[in-house]
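Q: Next comes final34.txt, compact mmCIF, C-alpha atoms:
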```txt
# COMPACT_ATOMS: atom_id res chain seq x y z
CA MET L 331 0.45 -19.26 -16.43
CA THR L 332 -1.23 -22.64 -16.25
CA HIS L 333 -1.11 -24.60 -13.03
CA SER L 334 -1.35 -28.20 -14.16
CA ILE L 335 0.27 -31.32 -12.83
CA PRO L 336 3.49 -32.02 -14.76
CA THR L 337 3.82 -35.18 -16.83
CA PRO L 338 5.56 -37.91 -14.79
CA ASP L 339 8.76 -39.45 -16.04
CA PRO L 340 7.69 -42.29 -18.39
CA SER L 341 11.00 -44.11 -17.82
CA GLN L 342 9.86 -45.16 -14.35
CA THR L 343 8.57 -48.70 -14.44
CA ALA L 344 5.24 -49.89 -13.08
CA ARG L 345 5.21 -52.00 -9.90
CA LEU L 346 2.89 -53.27 -7.20
CA PRO L 347 1.73 -50.70 -4.61
CA LEU L 348 3.81 -50.39 -1.48
CA ALA L 349 2.06 -51.59 1.67
CA GLU L 350 3.96 -49.31 4.04
CA ALA L 351 2.29 -45.98 4.74
CA VAL L 352 4.66 -43.00 4.83
CA ASP L 353 3.66 -39.57 6.13
CA ASP L 354 4.77 -36.14 4.98
CA GLN L 355 5.00 -37.03 1.32
CA VAL L 356 3.35 -36.12 -1.98
CA THR L 357 2.84 -39.01 -4.41
CA PRO L 358 2.29 -38.19 -8.11
CA PHE L 359 0.26 -40.62 -10.22
CA HIS L 360 -1.13 -41.07 -13.71
CA VAL L 361 -4.21 -43.05 -14.82
CA ASP L 362 -3.58 -43.76 -18.49
CA GLY L 363 -7.01 -45.22 -19.13
CA LEU L 364 -8.72 -42.00 -18.02
CA ASP L 365 -6.15 -39.39 -19.16
CA VAL L 366 -5.95 -38.26 -15.54
CA ARG L 367 -2.93 -37.02 -13.64
CA GLY L 368 -2.91 -36.35 -9.96
CA ARG L 369 -1.24 -36.15 -6.58
CA VAL L 370 -1.89 -37.51 -3.10
CA VAL L 371 -0.52 -35.79 -0.01
CA ARG L 372 -0.33 -37.37 3.45
CA LEU L 373 0.75 -35.16 6.36
CA GLY L 374 1.55 -36.26 9.89
CA SER L 375 4.38 -34.91 12.01
CA ALA L 376 5.02 -32.08 9.54
CA LEU L 377 1.50 -30.76 10.14
CA ASP L 378 2.00 -30.91 13.90
CA ALA L 379 5.29 -29.04 13.50
CA VAL L 380 3.61 -26.32 11.44
CA MET L 381 1.09 -25.70 14.23
CA ALA L 382 3.37 -26.35 17.21
CA HIS L 383 4.17 -22.68 17.81
CA HIS L 384 0.53 -21.61 18.12
CA THR L 385 -2.26 -22.29 20.60
CA TYR L 386 -5.04 -22.77 18.09
CA PRO L 387 -8.35 -24.34 19.15
CA PRO L 388 -9.19 -27.66 17.43
CA LEU L 389 -11.56 -26.07 14.88
CA VAL L 390 -8.85 -23.69 13.71
CA LYS L 391 -6.29 -26.49 13.55
CA ARG L 392 -8.66 -28.52 11.40
CA LEU L 393 -9.20 -25.62 9.00
CA LEU L 394 -5.51 -24.79 8.83
CA GLY L 395 -4.75 -28.47 8.16
CA GLU L 396 -7.03 -28.38 5.12
CA ALA L 397 -5.30 -25.23 3.88
CA VAL L 398 -1.85 -26.78 4.33
CA ALA L 399 -2.86 -29.97 2.46
CA LEU L 400 -4.30 -27.93 -0.42
CA THR L 401 -1.24 -25.69 -0.61
CA VAL L 402 1.16 -28.63 -0.68
CA LEU L 403 -0.89 -30.30 -3.44
CA LEU L 404 -0.68 -27.16 -5.57
CA GLY L 405 2.76 -25.90 -4.60
CA SER L 406 4.48 -29.22 -5.17
CA THR L 407 3.52 -29.06 -8.87
CA LEU L 408 5.89 -26.14 -9.45
CA LYS L 409 8.44 -27.05 -12.09
CA ILE L 410 10.78 -24.29 -10.98
CA SER L 411 12.14 -23.10 -7.69
CA GLY L 412 9.92 -20.54 -6.06
CA ARG L 413 7.07 -20.11 -3.62
CA PHE L 414 3.38 -20.90 -3.70
CA ILE L 415 1.32 -18.87 -1.24
CA LEU L 416 -2.32 -19.49 -0.32
CA GLN L 417 -4.06 -16.70 1.58
CA THR L 418 -7.65 -16.10 2.64
CA ARG L 419 -9.16 -12.84 3.88
CA THR L 420 -12.73 -13.20 5.04
CA ASP L 421 -15.34 -11.90 7.48
CA GLY L 422 -15.70 -15.17 9.43
CA PRO L 423 -14.30 -15.98 12.88
CA VAL L 424 -11.14 -17.21 11.12
CA ASP L 425 -10.49 -14.10 9.06
CA LEU L 426 -6.99 -14.89 7.82
CA LEU L 427 -5.13 -18.00 6.70
CA VAL L 428 -1.64 -17.92 5.20
CA VAL L 429 0.21 -21.00 3.95
CA ASP L 430 3.61 -20.59 2.32
CA PHE L 431 5.18 -23.45 0.35
CA THR L 432 8.77 -23.03 -0.82
CA ALA L 433 9.74 -25.51 -3.52
CA PRO L 434 10.67 -28.24 -3.41
CA GLN L 435 9.46 -29.21 0.09
CA ASP L 436 9.27 -26.53 2.81
CA VAL L 437 5.92 -25.43 4.24
CA ARG L 438 4.85 -23.00 6.97
CA ALA L 439 1.47 -21.56 7.95
CA TYR L 440 -0.50 -19.51 10.43
CA ALA L 441 -4.09 -18.44 11.11
CA ARG L 442 -5.76 -15.44 12.72
CA PHE L 443 -9.06 -15.88 14.50
CA ASN L 444 -11.50 -14.19 16.86
CA ALA L 445 -11.86 -16.40 19.92
CA GLU L 446 -15.08 -14.77 21.13
CA ARG L 447 -16.84 -15.16 17.79
CA LEU L 448 -15.64 -18.74 17.52
CA GLN L 449 -16.98 -19.60 20.97
CA ALA L 450 -20.30 -17.92 20.21
CA MET L 451 -20.72 -19.95 17.01
CA GLN L 452 -19.93 -23.17 18.86
CA ALA L 453 -22.39 -22.33 21.63
CA ALA L 454 -25.17 -21.83 19.07
CA LEU L 455 -24.72 -25.29 17.56
CA THR L 456 -27.42 -27.89 18.03
CA PRO L 457 -26.44 -31.37 19.32
CA GLY L 458 -24.59 -33.26 16.58
CA GLN L 459 -24.09 -30.16 14.45
CA ARG L 460 -20.56 -29.28 13.36
CA LEU L 461 -18.96 -26.15 11.95
CA ASP L 462 -17.41 -26.75 8.54
CA SER L 463 -14.63 -24.73 6.96
CA GLY L 464 -17.13 -22.60 5.03
CA ALA L 465 -18.78 -21.41 8.24
CA LEU L 466 -15.41 -20.66 9.86
CA LEU L 467 -14.19 -18.65 6.87
CA GLY L 468 -17.36 -16.78 5.94
CA ALA L 469 -17.30 -14.50 2.89
CA GLY L 470 -14.26 -12.91 1.34
CA HIS L 471 -11.63 -14.09 -1.09
CA LEU L 472 -8.87 -16.64 -1.54
CA ALA L 473 -5.67 -15.71 -3.35
CA MET L 474 -3.14 -18.15 -4.77
CA THR L 475 0.23 -16.62 -5.64
CA ILE L 476 3.22 -18.07 -7.46
CA ASP L 477 6.40 -16.12 -6.72
CA GLN L 478 9.37 -17.14 -8.86
CA GLY L 479 11.74 -14.58 -7.39
CA LEU L 480 13.26 -11.53 -9.01
CA SER L 481 13.82 -13.30 -12.33
CA ALA L 482 10.13 -13.64 -13.22
CA ASN L 483 6.78 -11.97 -12.71
CA ARG L 484 4.47 -13.01 -9.88
CA TYR L 485 1.28 -14.77 -10.89
CA GLN L 486 -1.85 -14.49 -8.76
CA GLY L 487 -5.32 -15.95 -9.06
CA ILE L 488 -8.16 -14.76 -6.83
CA VAL L 489 -11.54 -16.40 -6.26
CA ALA L 490 -14.46 -15.39 -4.08
CA LEU L 491 -15.29 -17.23 -0.87
CA GLU L 492 -19.02 -17.15 -0.27
CA GLY L 493 -19.52 -19.58 2.58
CA GLY L 494 -18.16 -22.60 0.74
CA ASN L 495 -15.24 -24.72 1.89
CA LEU L 496 -11.68 -24.83 0.55
CA GLU L 497 -12.49 -27.68 -1.84
CA ASP L 498 -15.20 -25.53 -3.42
CA ALA L 499 -12.77 -22.61 -3.71
CA ALA L 500 -10.15 -24.79 -5.40
CA HIS L 501 -12.69 -26.05 -7.95
CA ARG L 502 -13.78 -22.47 -8.68
CA TYR L 503 -10.15 -21.38 -9.06
CA PHE L 504 -9.36 -24.00 -11.67
CA ALA L 505 -12.63 -23.45 -13.54
CA GLN L 506 -12.13 -19.68 -13.76
CA SER L 507 -8.37 -19.17 -13.84
CA GLU L 508 -6.98 -22.31 -15.45
CA GLN L 509 -9.96 -23.94 -17.19
CA ILE L 510 -8.50 -27.34 -16.40
CA PRO L 511 -11.06 -29.92 -15.18
CA THR L 512 -9.92 -30.56 -11.61
CA ARG L 513 -11.27 -32.39 -8.59
CA VAL L 514 -9.88 -31.89 -5.08
CA ARG L 515 -10.54 -33.81 -1.86
CA LEU L 516 -9.27 -32.73 1.56
CA ALA L 517 -9.56 -34.30 5.01
CA VAL L 518 -8.14 -33.61 8.46
CA ALA L 519 -8.34 -35.71 11.64
CA GLU L 520 -7.24 -35.35 15.24
CA GLU L 521 -5.54 -38.38 16.79
CA VAL L 522 -6.20 -38.67 20.52
CA HIS L 523 -3.53 -40.56 22.44
CA PRO L 524 -3.96 -42.41 25.76
CA GLY L 525 -2.94 -40.89 29.06
CA ASP L 526 -1.72 -37.33 29.22
CA ALA L 527 -0.09 -37.39 25.80
CA ALA L 528 -1.05 -34.46 23.59
CA SER L 529 -3.20 -35.21 20.58
CA SER L 530 -1.69 -35.04 17.10
CA TRP L 531 -3.09 -34.08 13.72
CA ARG L 532 -3.16 -35.69 10.32
CA ALA L 533 -4.21 -34.34 6.94
CA GLY L 534 -4.67 -35.87 3.53
CA GLY L 535 -5.54 -34.56 0.11
CA LEU L 536 -6.04 -35.79 -3.42
CA MET L 537 -6.10 -33.78 -6.64
CA VAL L 538 -6.93 -35.16 -10.07
CA GLN L 539 -6.84 -33.26 -13.35
CA PHE L 540 -8.15 -34.24 -16.77
CA LEU L 541 -5.33 -33.60 -19.25
CA PRO L 542 -6.01 -35.67 -22.39
CA THR L 543 -3.40 -35.93 -25.13
CA GLU L 544 -6.06 -35.50 -27.80
CA GLY L 545 -7.04 -31.90 -28.45
CA GLY L 546 -10.65 -30.81 -28.16
CA ARG L 547 -11.66 -33.26 -25.44
CA ILE L 548 -11.64 -30.63 -22.71
CA ARG L 549 -14.79 -28.53 -22.77
CA PRO L 550 -14.54 -25.45 -20.54
CA VAL L 551 -17.40 -25.05 -18.08
CA ASP L 552 -19.81 -22.24 -18.91
CA LEU L 553 -19.63 -19.75 -16.07
CA HIS L 554 -22.71 -17.99 -14.73
CA PRO L 555 -23.06 -14.64 -16.57
CA GLY L 556 -23.84 -12.86 -13.34
CA ASP L 557 -26.28 -10.39 -14.87
CA ALA L 558 -29.16 -12.71 -15.78
CA PRO L 559 -32.53 -11.56 -14.35
CA GLU L 560 -33.74 -13.42 -11.27
CA GLY L 561 -35.71 -16.52 -12.21
CA THR L 562 -34.01 -16.97 -15.59
CA GLU L 563 -33.38 -20.63 -16.41
CA LEU L 564 -29.81 -21.02 -17.57
CA PRO L 565 -28.65 -23.98 -19.68
CA ALA L 566 -27.05 -26.74 -17.68
CA ALA L 567 -23.28 -27.10 -17.98
CA ALA L 568 -22.06 -29.82 -20.29
CA GLU L 569 -21.17 -33.05 -18.51
CA GLY L 570 -17.85 -33.33 -20.31
CA ASP L 571 -15.78 -36.25 -21.49
CA ASP L 572 -16.84 -39.77 -20.44
CA ALA L 573 -13.37 -40.51 -19.06
CA TRP L 574 -13.46 -37.43 -16.89
CA MET L 575 -16.95 -38.26 -15.65
CA GLU L 576 -15.72 -41.70 -14.65
CA ALA L 577 -12.68 -40.25 -12.87
CA GLN L 578 -14.90 -37.87 -10.89
CA SER L 579 -17.23 -40.71 -9.95
CA LEU L 580 -14.32 -42.76 -8.64
CA VAL L 581 -12.96 -39.84 -6.64
CA GLY L 582 -16.47 -39.32 -5.26
CA THR L 583 -16.27 -42.74 -3.57
CA LEU L 584 -13.24 -41.64 -1.53
CA GLU L 585 -14.00 -41.26 2.17
CA ASP L 586 -12.28 -38.87 4.57
CA VAL L 587 -11.03 -41.71 6.73
CA GLU L 588 -9.12 -43.15 3.77
CA LEU L 589 -7.27 -39.88 3.21
CA VAL L 590 -6.08 -39.67 6.83
CA ASP L 591 -5.64 -43.39 7.62
CA GLY L 592 -2.09 -43.75 8.94
CA ASP L 593 -2.07 -47.45 8.09
CA LEU L 594 -3.15 -47.04 4.47
CA SER L 595 -0.35 -46.14 2.08
CA ALA L 596 -0.94 -43.57 -0.63
CA GLU L 597 -0.20 -46.20 -3.24
CA ARG L 598 -2.79 -48.65 -1.91
CA LEU L 599 -5.29 -45.82 -1.71
CA LEU L 600 -4.73 -45.07 -5.41
CA PHE L 601 -4.91 -48.76 -6.24
CA ARG L 602 -8.32 -48.95 -4.55
CA LEU L 603 -9.60 -46.07 -6.66
CA PHE L 604 -8.10 -46.66 -10.09
CA HIS L 605 -6.70 -50.19 -10.38
CA GLU L 606 -9.21 -51.18 -13.05
CA ARG L 607 -7.92 -48.36 -15.25
CA GLY L 608 -4.21 -48.96 -14.67
CA VAL L 609 -2.88 -46.38 -12.22
CA ARG L 610 0.85 -45.69 -12.18
CA VAL L 611 2.61 -44.03 -9.25
CA PHE L 612 5.90 -42.16 -9.36
CA GLN L 613 8.66 -41.07 -7.02
CA ALA L 614 7.22 -39.53 -3.86
CA GLU L 615 8.37 -36.07 -2.76
CA ASN L 616 9.01 -35.18 0.87
CA VAL L 617 7.27 -32.38 2.77
CA VAL L 618 9.09 -30.59 5.61
CA ALA L 619 7.80 -28.02 8.11
CA LYS L 620 10.36 -25.25 7.87
CA CYS L 621 10.19 -21.49 8.33
CA SER L 622 12.26 -19.29 6.03
CA CYS L 623 12.51 -16.35 8.42
CA SER L 624 15.95 -15.01 9.37
CA ARG L 625 17.47 -11.96 10.98
CA GLU L 626 18.59 -10.72 7.57
CA ARG L 627 15.08 -11.10 6.08
CA VAL L 628 13.50 -9.23 8.98
CA THR L 629 16.09 -6.45 8.64
CA ASN L 630 15.33 -6.11 4.93
CA VAL L 631 11.58 -5.89 5.61
CA LEU L 632 12.04 -3.21 8.27
CA ALA L 633 14.28 -1.25 5.92
CA ASN L 634 11.25 -0.69 3.67
CA PHE L 635 9.38 1.08 6.49
CA SER L 636 9.49 4.84 6.83
CA ARG L 637 11.60 6.32 9.61
CA GLU L 638 8.43 7.29 11.50
CA GLU L 639 7.12 3.70 11.26
CA ARG L 640 10.40 2.30 12.51
CA GLU L 641 10.50 4.75 15.38
CA SER L 642 7.01 3.68 16.42
CA LEU L 643 8.30 0.12 16.88
CA VAL L 644 10.89 1.09 19.49
CA GLU L 645 10.12 0.05 23.09
CA ASP L 646 12.64 0.32 25.92
CA GLY L 647 15.39 1.15 23.47
CA LYS L 648 14.91 -1.89 21.26
CA VAL L 649 12.76 -3.35 18.50
CA VAL L 650 11.37 -6.88 18.84
CA VAL L 651 9.88 -8.60 15.80
CA THR L 652 8.16 -11.97 16.17
CA CYS L 653 7.65 -14.24 13.15
CA GLU L 654 3.95 -15.00 12.69
CA PHE L 655 4.76 -18.43 11.30
CA CYS L 656 7.24 -19.97 13.74
CA GLY L 657 7.05 -17.63 16.72
CA ARG L 658 10.77 -16.84 16.71
CA ALA L 659 11.57 -13.40 18.16
CA TYR L 660 14.29 -11.15 16.71
CA ASP L 661 15.72 -8.42 18.98
CA PHE L 662 17.36 -5.33 17.55
CA LYS L 663 18.89 -2.29 19.20
CA ALA L 664 16.92 0.83 18.31
CA GLU L 665 19.84 2.35 16.39
CA GLU L 666 20.09 -0.80 14.23
CA ILE L 667 16.56 -0.24 12.92
CA VAL L 668 15.92 3.48 13.23
CA GLY L 669 19.45 4.63 12.46
CA PRO L 670 21.37 7.52 14.02
CA GLU L 671 19.45 10.51 15.24
CA GLU L 672 18.96 13.14 12.55
CA PRO L 673 20.69 16.45 13.31
CA GLU L 674 18.43 19.34 14.19
CA ALA L 675 17.94 21.91 11.49
CA ALA L 676 20.24 24.95 11.86
CA SER L 677 18.57 28.12 13.10
CA ASP L 678 18.23 31.05 10.68
CA GLU L 679 18.71 33.59 13.51
CA ALA L 680 22.01 35.40 13.59
```
When written as structure tokens, how does the structure in this file appear?

A:
Amino acid sequence: MTHSIPTPDPSQTARLPLAEAVDDQVTPFHVDGLDVRGRVVRLGSALDAVMAHHTYPPLVKRLLGEAVALTVLLGSTLKISGRFILQTRTDGPVDLLVVDFTAPQDVRAYARFNAERLQAMQAALTPGQRLDSGALLGAGHLAMTIDQGLSANRYQGIVALEGGNLEDAAHRYFAQSEQIPTRVRLAVAEEVHPGDAASSWRAGGLMVQFLPTEGGRIRPVDLHPGDAPEGTELPAAAEGDDAWMEAQSLVGTLEDVELVDGDLSAERLLFRLFHERGVRVFQAENVVAKCSCSRERVTNVLANFSREERESLVEDGKVVVTCEFCGRAYDFKAEEIVGPEEPEAASDEA
């Protein structure tokens, strides 16, 4: 199952870029002169709402913000209703990230981290040094899952995380699983407010894909064979189509501050990058922080546990289940989850 950006509606007419910046939206675009399609995501209050139920330290919030921006970029390309789930499992101080995007607009997320390891890594930093997402994640894997419900099979792509950041992982995913030339940029920033007001968070992301109408212009990247003897000189990967090289160069000029600038609209950002090649933008799509948990869903999950597992959850005559995403607690009476007591086996003695 390919994971490419859908073709925008050609009936939408071109216009000048809007000056007003709007948060919590994904803006599709198409650069005809470069055969490039893409999306820009800008997250503001929705990102704060995703993290509001957790007491994450700033480094974890920054990493989770990158993961949310990447998930929204990818999940919002789904042409059908369903879910896109990004999950990392690694050996770093942040050993688990889960971001769940339910089409067309709902997103939720959480992270698991080791506070002691995180503090130790920060204490070892030299002045001016900063931990990037690769150092926080460490080694492990990243899985991207498309779940279309009971009517279709689940699709999952897995790539290794070897100390690189989430941008690197996304590039590796598309090179290995989709073989679609793709470039991703992610940025997260903390906004500090005057007085005693709590700080807020912003995230931005841009994804471009080379999808020419003429066949044969996409040349898949040659992947490392993995078994070449140490010291072997491997041939350099082909540079690819001139249009794609130009698109990558333009994206390379994009600075983090532009992706998270609350006063710079997504349309003006795209105009800065691609105006010489004729960029067209299309109807923006909203992004909403919303958890899909419910009492019924929790009950269905618990029903899949064995009786022994359900009994182990009982404390003081009840079972309490807390949603990892939104923090909502669901209380059940023990008999609702475990069921009635099983009758004792009859004795064989006369």

Q: What is the CA of Met474 (chain L) to CA of Thr357 (chain L) distance in Å?

A: 21.7 Å

Q: Would you work out the distance separating CA of Arg447 (chain L) from CA of Glu396 (chain L), expressed in Å to one decimal?

A: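 CA of Glu396 (chain L) lies 20.8 Å from CA of Arg447 (chain L).
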
Q: Nearest residue to Glu638 (chain L) out of L:Trp531, L:Gly669, L:Asp362, L:Leu603, using all atoms listed in the file?

A: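 Of the candidates, the smallest distance to Glu638 (chain L) is held by L:Gly669.
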
Q: Find the residues around region 411-418 of chain L up to 9 Å (only C-alpha atoms counted), leave out those fewer than 2 positions away in its own chain, and share them as a ChimeraX atom specification.

A: /L:397-398,400-402,404-406,408-409,420,425-434,467,470-479,491

Q: Have a look at L:Leu455, L:Val370, L:Val352, L:Val424 and name the one nearest to Val611 (chain L); count all atoms listed in the file.

A: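 Closest residue, counting all atoms listed in the file: L:Val370.
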
Q: Quick one: what's the axis-aligned box for region 486-496 of chain L, all listed atoms, 6 Å on every side, centre and edges in Å to one decimal, as AutoDock Vina command-line options?

A:
```
--center_x -10.7 --center_y -19.7 --center_z -3.2 --size_x 29.7 --size_y 22.3 --size_z 23.6
```

Q: Check the smallest atom-to-atom distance from each of L:Glu597, L:Glu508, L:Glu654, L:Asp571 to Gln355 (chain L) using all atoms listed in the file, then report the winner.

A: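 Closest candidate: L:Glu597.
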
Q: Kindly indicate which residue among L:Val651, L:Ala376, L:Val617, L:Ala527 lies nearest to Val631 (chain L), using all atoms listed in the file for the distances.

A: L:Val651

Q: So the first atom is CA of Ala517 (chain L) and the second is CA of Gly534 (chain L); what is the distance between them in Å, to one decimal place?

A: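 Computing the Euclidean distance for CA of Ala517 (chain L) and CA of Gly534 (chain L) yields 5.3 Å.
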
Q: What's around Val649 (chain L) at 10 Å? Count all atoms listed in the file, leave out sequence neighbours fewer than 5 positions away in its own chain, and write the answer as a PDB file with C-alpha atoms, keeping the file's coordinate frame.

A:
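Once everything was written out, this is around.pdb:
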```pdb
ATOM      1  CA  ARG L 640      10.400   2.300  12.510  1.00  0.00           C
ATOM      2  CA  GLU L 641      10.500   4.750  15.380  1.00  0.00           C
ATOM      3  CA  SER L 642       7.010   3.680  16.420  1.00  0.00           C
ATOM      4  CA  LEU L 643       8.300   0.120  16.880  1.00  0.00           C
ATOM      5  CA  VAL L 644      10.890   1.090  19.490  1.00  0.00           C
ATOM      6  CA  TYR L 660      14.290 -11.150  16.710  1.00  0.00           C
ATOM      7  CA  ASP L 661      15.720  -8.420  18.980  1.00  0.00           C
ATOM      8  CA  PHE L 662      17.360  -5.330  17.550  1.00  0.00           C
ATOM      9  CA  LYS L 663      18.890  -2.290  19.200  1.00  0.00           C
ATOM     10  CA  ALA L 664      16.920   0.830  18.310  1.00  0.00           C
ATOM     11  CA  GLU L 665      19.840   2.350  16.390  1.00  0.00           C
ATOM     12  CA  GLU L 666      20.090  -0.800  14.230  1.00  0.00           C
ATOM     13  CA  ILE L 667      16.560  -0.240  12.920  1.00  0.00           C
ATOM     14  CA  VAL L 668      15.920   3.480  13.230  1.00  0.00           C
TER      15      VAL L 668
END
```

Q: Determine the nearest neighbour of Leu589 (chain L) from the options L:Ala441, L:Asp572, L:Arg602, L:Ala382, counting only C-alpha atoms.

A: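 Comparing L:Ala441, L:Asp572, L:Arg602, L:Ala382 against Leu589 (chain L), the winner is L:Arg602.
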
Q: Of the candidates L:Met575, L:Leu364, L:Leu348, L:Val437, which one gets nearest to Leu377 (chain L) if we count all atoms listed in the file?

A: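 Result for the nearest residue to Leu377 (chain L): L:Val437.
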
Q: Do you know which residues are at most 10 Å from Pro542 (chain L) counting only C-alpha atoms, after dropping those on the same chain fewer than 5 positions away, and could you put them as a compact mmCIF listing (two decimals) with C-alpha atoms, in the coordinates of the input?

A:
```txt
# COMPACT_ATOMS: atom_id res chain seq x y z
CA ASP L 362 -3.58 -43.76 -18.49
CA LEU L 364 -8.72 -42.00 -18.02
CA ASP L 365 -6.15 -39.39 -19.16
CA VAL L 366 -5.95 -38.26 -15.54
CA ARG L 367 -2.93 -37.02 -13.64
CA ARG L 547 -11.66 -33.26 -25.44
CA ILE L 548 -11.64 -30.63 -22.71
CA ASP L 571 -15.78 -36.25 -21.49
CA ALA L 573 -13.37 -40.51 -19.06
CA TRP L 574 -13.46 -37.43 -16.89
```

Q: Would you mind completing region 373-386 of chain L so that it carries N, CA and C atoms, and writing it out as a PDB file, keeping the file's coordinate frame?

A:
```pdb
ATOM      1  N   LEU L 373      -0.008 -35.963   5.398  1.00  0.00           N
ATOM      2  CA  LEU L 373       0.750 -35.160   6.360  1.00  0.00           C
ATOM      3  C   LEU L 373       0.524 -35.672   7.774  1.00  0.00           C
ATOM      4  N   GLY L 374       1.615 -35.829   8.505  1.00  0.00           N
ATOM      5  CA  GLY L 374       1.550 -36.260   9.890  1.00  0.00           C
ATOM      6  C   GLY L 374       2.341 -35.330  10.776  1.00  0.00           C
ATOM      7  N   SER L 375       3.567 -35.711  11.095  1.00  0.00           N
ATOM      8  CA  SER L 375       4.380 -34.910  12.010  1.00  0.00           C
ATOM      9  C   SER L 375       4.681 -33.526  11.445  1.00  0.00           C
ATOM     10  N   ALA L 376       4.760 -33.398  10.134  1.00  0.00           N
ATOM     11  CA  ALA L 376       5.020 -32.080   9.540  1.00  0.00           C
ATOM     12  C   ALA L 376       3.881 -31.121   9.842  1.00  0.00           C
ATOM     13  N   LEU L 377       2.649 -31.625   9.822  1.00  0.00           N
ATOM     14  CA  LEU L 377       1.500 -30.760  10.140  1.00  0.00           C
ATOM     15  C   LEU L 377       1.535 -30.340  11.598  1.00  0.00           C
ATOM     16  N   ASP L 378       1.866 -31.264  12.490  1.00  0.00           N
ATOM     17  CA  ASP L 378       2.000 -30.910  13.900  1.00  0.00           C
ATOM     18  C   ASP L 378       3.081 -29.857  14.092  1.00  0.00           C
ATOM     19  N   ALA L 379       4.189 -29.998  13.370  1.00  0.00           N
ATOM     20  CA  ALA L 379       5.290 -29.040  13.500  1.00  0.00           C
ATOM     21  C   ALA L 379       4.893 -27.666  13.010  1.00  0.00           C
ATOM     22  N   VAL L 380       4.083 -27.599  11.956  1.00  0.00           N
ATOM     23  CA  VAL L 380       3.610 -26.320  11.440  1.00  0.00           C
ATOM     24  C   VAL L 380       2.801 -25.574  12.498  1.00  0.00           C
ATOM     25  N   MET L 381       1.995 -26.323  13.266  1.00  0.00           N
ATOM     26  CA  MET L 381       1.090 -25.700  14.230  1.00  0.00           C
ATOM     27  C   MET L 381       1.635 -25.666  15.651  1.00  0.00           C
ATOM     28  N   ALA L 382       2.843 -26.181  15.857  1.00  0.00           N
ATOM     29  CA  ALA L 382       3.370 -26.350  17.210  1.00  0.00           C
ATOM     30  C   ALA L 382       3.607 -25.031  17.939  1.00  0.00           C
ATOM     31  N   HIS L 383       3.821 -23.959  17.196  1.00  0.00           N
ATOM     32  CA  HIS L 383       4.170 -22.680  17.810  1.00  0.00           C
ATOM     33  C   HIS L 383       2.949 -21.815  18.120  1.00  0.00           C
ATOM     34  N   HIS L 384       1.752 -22.380  17.923  1.00  0.00           N
ATOM     35  CA  HIS L 384       0.530 -21.610  18.120  1.00  0.00           C
ATOM     36  C   HIS L 384      -0.435 -22.389  19.031  1.00  0.00           C
ATOM     37  N   THR L 385      -1.258 -21.658  19.743  1.00  0.00           N
ATOM     38  CA  THR L 385      -2.260 -22.290  20.600  1.00  0.00           C
ATOM     39  C   THR L 385      -3.633 -22.169  19.939  1.00  0.00           C
ATOM     40  N   TYR L 386      -3.777 -22.824  18.809  1.00  0.00           N
ATOM     41  CA  TYR L 386      -5.040 -22.770  18.090  1.00  0.00           C
ATOM     42  C   TYR L 386      -6.046 -23.747  18.709  1.00  0.00           C
TER      43      TYR L 386
END
```
